[in-house]
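J.: What follows is coords_15.cif; its format and atoms are mmCIF, C-alpha atoms and all ligand atoms.
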```cif
data_upload
#
loop_
_atom_site.label_atom_id
_atom_site.label_comp_id
_atom_site.auth_asym_id
_atom_site.auth_seq_id
_atom_site.Cartn_x
_atom_site.Cartn_y
_atom_site.Cartn_z
CA MET L 1 23.92 16.71 8.39
CA ASN L 2 23.92 20.48 8.12
CA LYS L 3 21.14 22.40 6.29
CA GLU L 4 23.12 22.55 3.03
CA GLN L 5 23.68 18.78 3.00
CA ILE L 6 19.99 18.22 3.80
CA ASP L 7 18.97 20.32 0.75
CA PHE L 8 21.54 18.53 -1.43
CA VAL L 9 20.27 15.03 -0.55
CA GLY L 10 16.65 16.11 -1.07
CA ASP L 11 17.04 17.95 -4.37
CA ASN L 12 19.18 15.18 -5.83
CA HIS L 13 17.01 12.41 -4.37
CA ILE L 14 19.90 10.38 -3.08
CA SER L 15 19.04 7.01 -1.62
CA THR L 16 21.34 5.18 0.78
CA SER L 17 20.22 1.54 0.56
CA ILE L 18 17.91 -0.92 -1.23
CA ASP L 19 16.08 -1.64 2.00
CA THR L 20 13.95 1.13 3.41
CA PRO L 21 15.90 2.40 6.45
CA MET L 22 13.79 1.40 9.46
CA ARG L 23 14.21 1.69 13.21
CA VAL L 24 14.43 -1.54 15.21
CA ASP L 25 11.43 -0.47 17.29
CA ALA L 26 9.38 0.47 14.20
CA PHE L 27 6.40 -1.71 15.09
CA ASP L 28 6.49 -1.73 18.88
CA LYS L 29 3.55 0.67 19.01
CA THR L 30 0.07 -0.12 17.70
CA ASP L 31 -1.34 1.79 14.73
CA GLU L 32 -3.84 3.44 17.06
CA ILE L 33 -1.07 4.86 19.28
CA LYS L 34 0.88 6.05 16.23
CA ILE L 35 -2.21 7.82 14.87
CA LYS L 36 -2.75 9.51 18.23
CA ASN L 37 0.89 10.68 18.40
CA ILE L 38 1.03 11.91 14.80
CA GLU L 39 -2.26 13.75 15.35
CA HIS L 40 -0.63 15.57 18.27
CA TYR L 41 2.57 16.46 16.38
CA PHE L 42 0.73 17.53 13.23
CA SER L 43 -1.51 19.85 15.22
CA LYS L 44 1.73 21.48 16.49
CA ILE L 45 2.92 21.97 12.89
CA MET L 46 -0.38 23.60 11.98
CA GLU L 47 -0.26 25.84 15.06
CA GLU L 48 3.31 26.82 14.17
CA LEU L 49 2.01 27.84 10.73
CA GLY L 50 -0.40 30.13 12.54
CA LEU L 51 -3.57 28.19 11.75
CA ASP L 52 -6.56 28.36 14.09
CA LEU L 53 -7.38 24.77 14.97
CA SER L 54 -10.65 25.73 16.61
CA ASP L 55 -12.08 26.39 13.14
CA ASP L 56 -14.49 23.61 12.14
CA SER L 57 -12.77 23.09 8.81
CA LEU L 58 -9.32 22.66 10.38
CA SER L 59 -10.04 20.96 13.69
CA GLY L 60 -10.17 17.45 12.23
CA THR L 61 -7.12 17.84 9.98
CA PRO L 62 -4.44 16.52 12.39
CA TYR L 63 -6.44 13.31 12.86
CA ARG L 64 -7.15 12.99 9.13
CA VAL L 65 -3.45 13.43 8.27
CA ALA L 66 -2.37 10.94 10.95
CA LYS L 67 -4.86 8.33 9.77
CA MET L 68 -3.86 8.95 6.15
CA TYR L 69 -0.15 8.40 6.93
CA ILE L 70 -0.67 5.14 8.81
CA LYS L 71 -3.63 3.58 6.99
CA GLU L 72 -3.59 5.01 3.47
CA LEU L 73 -0.19 6.28 2.32
CA PHE L 74 2.41 4.34 4.29
CA TYR L 75 0.89 0.95 5.12
CA GLY L 76 3.61 -0.60 2.95
CA LEU L 77 6.16 0.09 5.71
CA ASN L 78 4.71 -2.71 7.78
CA PRO L 79 5.72 -6.21 6.60
CA LYS L 80 2.48 -7.61 7.96
CA HIS L 81 0.72 -5.80 5.08
CA LYS L 82 2.85 -7.53 2.48
CA PRO L 83 0.51 -9.34 0.08
CA LYS L 84 0.71 -13.09 0.09
CA ILE L 85 1.97 -14.03 -3.35
CA SER L 86 1.11 -17.61 -4.10
CA THR L 87 2.95 -19.10 -7.04
CA PHE L 88 1.83 -21.88 -9.33
CA GLU L 89 3.77 -24.50 -11.21
CA ASN L 90 4.33 -23.42 -14.80
CA LYS L 91 2.42 -26.50 -15.98
CA TYR L 92 1.62 -25.27 -19.47
CA GLY L 93 5.32 -24.65 -20.05
CA TYR L 94 5.05 -20.96 -21.00
CA HIS L 95 8.66 -19.83 -21.36
CA LYS L 96 8.24 -16.64 -23.36
CA MET L 97 8.14 -13.13 -22.03
CA LEU L 98 5.14 -12.08 -19.99
CA VAL L 99 4.54 -8.33 -19.73
CA GLU L 100 2.23 -6.51 -17.33
CA ARG L 101 1.84 -2.89 -18.46
CA ASN L 102 0.54 0.36 -16.98
CA ILE L 103 0.42 -0.68 -13.34
CA THR L 104 -0.40 2.44 -11.33
CA ILE L 105 2.29 3.91 -9.10
CA ASP L 106 0.94 5.90 -6.15
CA SER L 107 3.88 6.63 -3.93
CA SER L 108 5.51 9.40 -1.91
CA CYS L 109 8.96 10.91 -2.04
CA GLU L 110 10.86 10.22 1.18
CA HIS L 111 12.76 13.51 0.91
CA HIS L 112 9.71 15.78 0.80
CA PHE L 113 6.70 13.58 1.62
CA LEU L 114 5.03 14.67 -1.61
CA PRO L 115 3.36 12.32 -4.14
CA ILE L 116 5.14 10.32 -6.82
CA VAL L 117 2.59 9.27 -9.45
CA GLY L 118 3.05 7.26 -12.59
CA HIS L 119 3.12 3.79 -14.06
CA THR L 120 5.29 0.75 -14.04
CA HIS L 121 5.71 -1.95 -16.67
CA ILE L 122 7.02 -5.32 -15.60
CA GLY L 123 8.20 -8.26 -17.62
CA TYR L 124 9.47 -11.72 -16.75
CA VAL L 125 10.29 -14.99 -18.40
CA PRO L 126 8.83 -17.83 -16.31
CA LYS L 127 10.95 -20.78 -15.29
CA LYS L 128 9.17 -23.25 -12.96
CA LYS L 129 6.91 -20.71 -11.22
CA VAL L 130 4.22 -18.28 -12.36
CA VAL L 131 2.10 -15.83 -10.35
CA GLY L 132 -1.46 -14.61 -10.73
CA LEU L 133 -1.31 -11.35 -12.69
CA SER L 134 -3.06 -9.20 -10.08
CA LYS L 135 -0.42 -10.30 -7.56
CA ILE L 136 2.18 -8.24 -9.41
CA ASN L 137 -0.07 -5.18 -9.02
CA ARG L 138 -0.48 -5.90 -5.31
CA LEU L 139 3.25 -6.19 -4.83
CA VAL L 140 3.82 -2.86 -6.60
CA ASP L 141 1.11 -1.27 -4.46
CA TYR L 142 2.77 -2.55 -1.27
CA TYR L 143 6.26 -1.23 -2.05
CA ALA L 144 4.87 2.07 -3.37
CA HIS L 145 2.99 2.78 -0.14
CA ARG L 146 5.95 3.88 1.92
CA PRO L 147 8.19 6.94 1.73
CA GLN L 148 10.24 6.13 -1.36
CA VAL L 149 13.00 6.99 -3.77
CA GLN L 150 12.09 5.91 -7.31
CA GLU L 151 15.32 3.97 -7.86
CA ARG L 152 14.78 2.01 -4.65
CA LEU L 153 11.14 1.30 -5.49
CA CYS L 154 12.29 -0.15 -8.82
CA LEU L 155 14.90 -2.34 -7.10
CA GLN L 156 12.61 -3.53 -4.31
CA ILE L 157 9.98 -4.68 -6.83
CA LEU L 158 12.65 -6.37 -8.98
CA ARG L 159 14.28 -8.19 -6.07
CA ASP L 160 10.98 -9.42 -4.67
CA LEU L 161 9.75 -10.73 -8.02
CA GLN L 162 13.09 -12.44 -8.67
CA ASP L 163 12.82 -14.20 -5.29
CA THR L 164 9.14 -15.07 -5.69
CA LEU L 165 9.44 -16.32 -9.27
CA GLU L 166 12.79 -18.03 -8.58
CA THR L 167 14.39 -16.51 -11.64
CA LYS L 168 16.63 -13.53 -12.35
CA ASP L 169 14.81 -12.96 -15.68
CA VAL L 170 12.74 -9.97 -14.54
CA ILE L 171 12.62 -6.36 -15.74
CA VAL L 172 10.96 -3.34 -14.10
CA ILE L 173 10.54 0.09 -15.66
CA ILE L 174 8.94 3.00 -13.80
CA ASN L 175 7.82 6.26 -15.35
CA ALA L 176 6.74 8.75 -12.73
CA LYS L 177 6.08 12.37 -11.96
CA HIS L 178 7.44 13.77 -8.71
CA LEU L 179 5.38 16.56 -7.18
CA CYS L 180 8.48 17.73 -5.31
CA VAL L 181 9.96 18.54 -8.73
CA SER L 182 6.79 20.02 -10.23
CA SER L 183 5.43 21.99 -7.26
CA ARG L 184 8.60 23.21 -5.54
CA GLY L 185 12.32 23.41 -6.26
CA ILE L 186 12.76 23.65 -10.04
CA LYS L 187 8.92 23.66 -10.52
CA ASP L 188 9.08 21.73 -13.76
CA LYS L 189 5.51 20.74 -14.60
CA SER L 190 6.19 18.41 -17.51
CA SER L 191 9.22 16.27 -16.66
CA PHE L 192 9.00 12.58 -15.84
CA THR L 193 11.61 10.32 -14.30
CA THR L 194 12.23 6.90 -15.80
CA THR L 195 14.09 4.15 -13.97
CA ILE L 196 14.84 0.69 -15.28
CA GLU L 197 16.24 -2.32 -13.44
CA PHE L 198 16.64 -5.86 -14.74
CA GLY L 199 18.46 -9.13 -14.30
CA GLY L 200 19.16 -12.41 -16.09
CA CYS L 201 18.21 -12.58 -19.77
CA PHE L 202 17.18 -8.91 -19.81
CA GLY L 203 20.89 -8.07 -19.73
CA ASP L 204 20.72 -9.11 -23.38
CA THR L 205 19.86 -6.10 -25.58
CA ALA L 206 17.56 -8.16 -27.82
CA PHE L 207 15.41 -9.24 -24.84
CA ARG L 208 15.34 -5.73 -23.46
CA ASN L 209 14.32 -4.29 -26.83
CA GLU L 210 11.54 -6.84 -27.20
CA PHE L 211 10.22 -5.83 -23.79
CA LEU L 212 10.41 -2.11 -24.63
CA LYS L 213 8.66 -2.74 -27.97
CA LEU L 214 5.80 -4.49 -26.17
CA VAL L 215 5.60 -1.73 -23.56
CA ASN L 216 5.42 0.93 -26.27
CA SER L 217 3.04 -0.93 -28.56
CA GLU L 218 -0.51 0.34 -28.98
CA ASN L 219 -3.15 -1.04 -26.69
CA ILE L 220 -5.22 -3.44 -28.75
CA VAL L 221 -7.91 -4.12 -26.18
ZN ZN O 1 11.36 14.77 -3.31
#
```
In structure tokens, how does this file's structure come out?
T.:
Amino acid sequence: MNKEQIDFVGDNHISTSIDTPMRVDAFDKTDEIKIKNIEHYFSKIMEELGLDLSDDSLSGTPYRVAKMYIKELFYGLNPKHKPKISTFENKYGYHKMLVERNITIDSSCEHHFLPIVGHTHIGYVPKKKVVGLSKINRLVDYYAHRPQVQERLCLQILRDLQDTLETKDVIVIINAKHLCVSSRGIKDKSSFTTTIEFGGCFGDTAFRNEFLKLVNSENIV
């Protein structure tokens, strides 16, 4: 891609696939080796910016950034960090909508490596399987902690929950602020991006509206 195409993809946040594009050798190296390598390359970026790395305040930054990338921001790239989602039989026969609201989204934009912060609301109608509520939060956390595009994040969560719960009746809505929109580019401080993906019964407007009504209702706890 030339520089113009690179800017176009970034500013329009175009994603190419549902799966995060990964190299086949993505996990050949240990985390420790990756941290060492990123530390080296990030120190070069800082030097290129003209920063004096012998300063006590800056000298540890390349290591801190490297550790942050591997251990704190992007651990969701590695499938071994995928939370184990155990399901239970829906013994009490709950077949109405279950909604989990205001799950925190802490992610990063894959086009600029800047934060995406917001919330997601998830609903599903159980068939034979149910999951522990905190497992939904853990799944969201896992997919958010990789370089992302909001639309893909929405789809990855939806697809996983549909597989885990063995039903298409799942809906995911994400409301998020992109720092690459607020701090650079158009520099819009107040705009949010909303994405919504659903399957099964949520294709029905009445179901979708019931979900949205619950999401928008006042907190009563
Ligand atoms: Zn971006």
J.: Please report as a Markdown table every residue of range 78-156 of chain L lying within 8 Å of range 204-221 of chain L, along with the nearest atom pair and their distance in Å (one decimal), using all atoms listed in the file.
T.:
```
| residue | atom | partner | partner_atom | distance |
| --- | --- | --- | --- | --- |
| L:Met97 | CA | L:Phe211 | CA | 7.8 |
| L:Val99 | CA | L:Phe211 | CA | 7.4 |
| L:Arg101 | CA | L:Val215 | CA | 6.4 |
| L:His121 | CA | L:Val215 | CA | 6.9 |
| L:Gly123 | CA | L:Phe211 | CA | 6.9 |
```
J.: Do you know which residues are within 9 Å of ligand ZN 1 (chain O) using only C-alpha atoms and all ligand atoms? Can you write them as an NGL selection string?
T.: :L and (10-13 or 108-116 or 148-149 or 178-181)
J.: Provide the CA of Gln162 in chain L to CA of Gly200 in chain L distance in Å, to one decimal place.
T.: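 So the two atoms, CA of Gln162 in chain L and CA of Gly200 in chain L, lie 9.6 Å apart.
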J.: Would you mind telling me which residue in L:Asp28, L:Asp55, L:Glu197, L:Asp169 lies nearest to Glu151 in chain L when using all atoms listed in the file?
T.: L:Glu197
J.: Taking all atoms listed in the file into account, name the residue in L:Pro83, L:Gly93, L:Gly50, L:Gly118 that is nearest to Ser134 in chain L.
T.: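 Of L:Pro83, L:Gly93, L:Gly50, L:Gly118, the one nearest Ser134 in chain L is L:Pro83, counting all atoms listed in the file.
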J.: Can you tell me, as a PyMOL selection string, what residues are no more than 8 Å from Thr194 in chain L when counting only C-alpha atoms, ignoring any on the same chain fewer than 6 positions away?
T.: chain L and resi 173-176
J.: Write a file of the just-selected residues containing C-alpha atoms, as a short mmCIF file (atom, residue, chain, number, x, y, z; two decimals), in the frame of the given file.
T.:
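The file below, part20.cif, is the result:
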```cif
data_model
loop_
_atom_site.label_atom_id
_atom_site.label_comp_id
_atom_site.auth_asym_id
_atom_site.auth_seq_id
_atom_site.Cartn_x
_atom_site.Cartn_y
_atom_site.Cartn_z
CA ILE L 173 10.54 0.09 -15.66
CA ILE L 174 8.94 3.00 -13.80
CA ASN L 175 7.82 6.26 -15.35
CA ALA L 176 6.74 8.75 -12.73
#
```
J.: Name all residues at most 10 Å from Asn137 in chain L (count all atoms listed in the file; drop same-chain ones fewer than 3 positions away) and give them as JSON, numbers by chain.
T.: {"L": [100, 101, 102, 103, 104, 105, 120, 122, 132, 133, 134, 140, 141, 142]}
J.: Find the spatial neighbours of Leu98 in chain L, counting only C-alpha atoms, within a cut-off of 8 Å - ignore same-chain residues fewer than 3 positions away - and output them as a list in words.
T.: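 Answer for this query is Gly123, Tyr124, Val125 and Pro126 of chain L.
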J.: Enter the distance from CA of Phe27 in chain L to CA of Glu39 in chain L, in Å, rounded to one decimal.
T.: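 If I compute the distance from CA of Phe27 in chain L to CA of Glu39 in chain L, I get 17.7 Å.
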J.: Box along x, y and z, 6 Å on every side, all listed atoms of range 107-120 of chain L inside: centre and edge lengths in Å to one decimal, as AutoDock Vina command-line options.
T.:
```
--center_x 7.7 --center_y 8.3 --center_z -6.2 --size_x 22.2 --size_y 27.0 --size_z 27.7
```
J.: Rounded to one decimal, what separation in Å do you get between CA of Thr167 in chain L and CA of Ile85 in chain L?
T.: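 Taking CA of Thr167 in chain L as the start and CA of Ile85 in chain L as the end point, the length is 15.1 Å.
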J.: Could you tell me which of L:Ile186, L:Ile38, L:Ala144, L:Val130 comes closest to Leu161 in chain L if we count all atoms listed in the file?
T.: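 When distances to Leu161 in chain L are compared using all atoms listed in the file, the smallest one comes from L:Val130.
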J.: Write out as a VMD selection string each polymer residue whose atoms come within 8 Å of range 16-19 of chain L, counting all atoms listed in the file; drop sequence neighbours fewer than 6 positions from it.
T.: chain L and resid 152 155 to 156
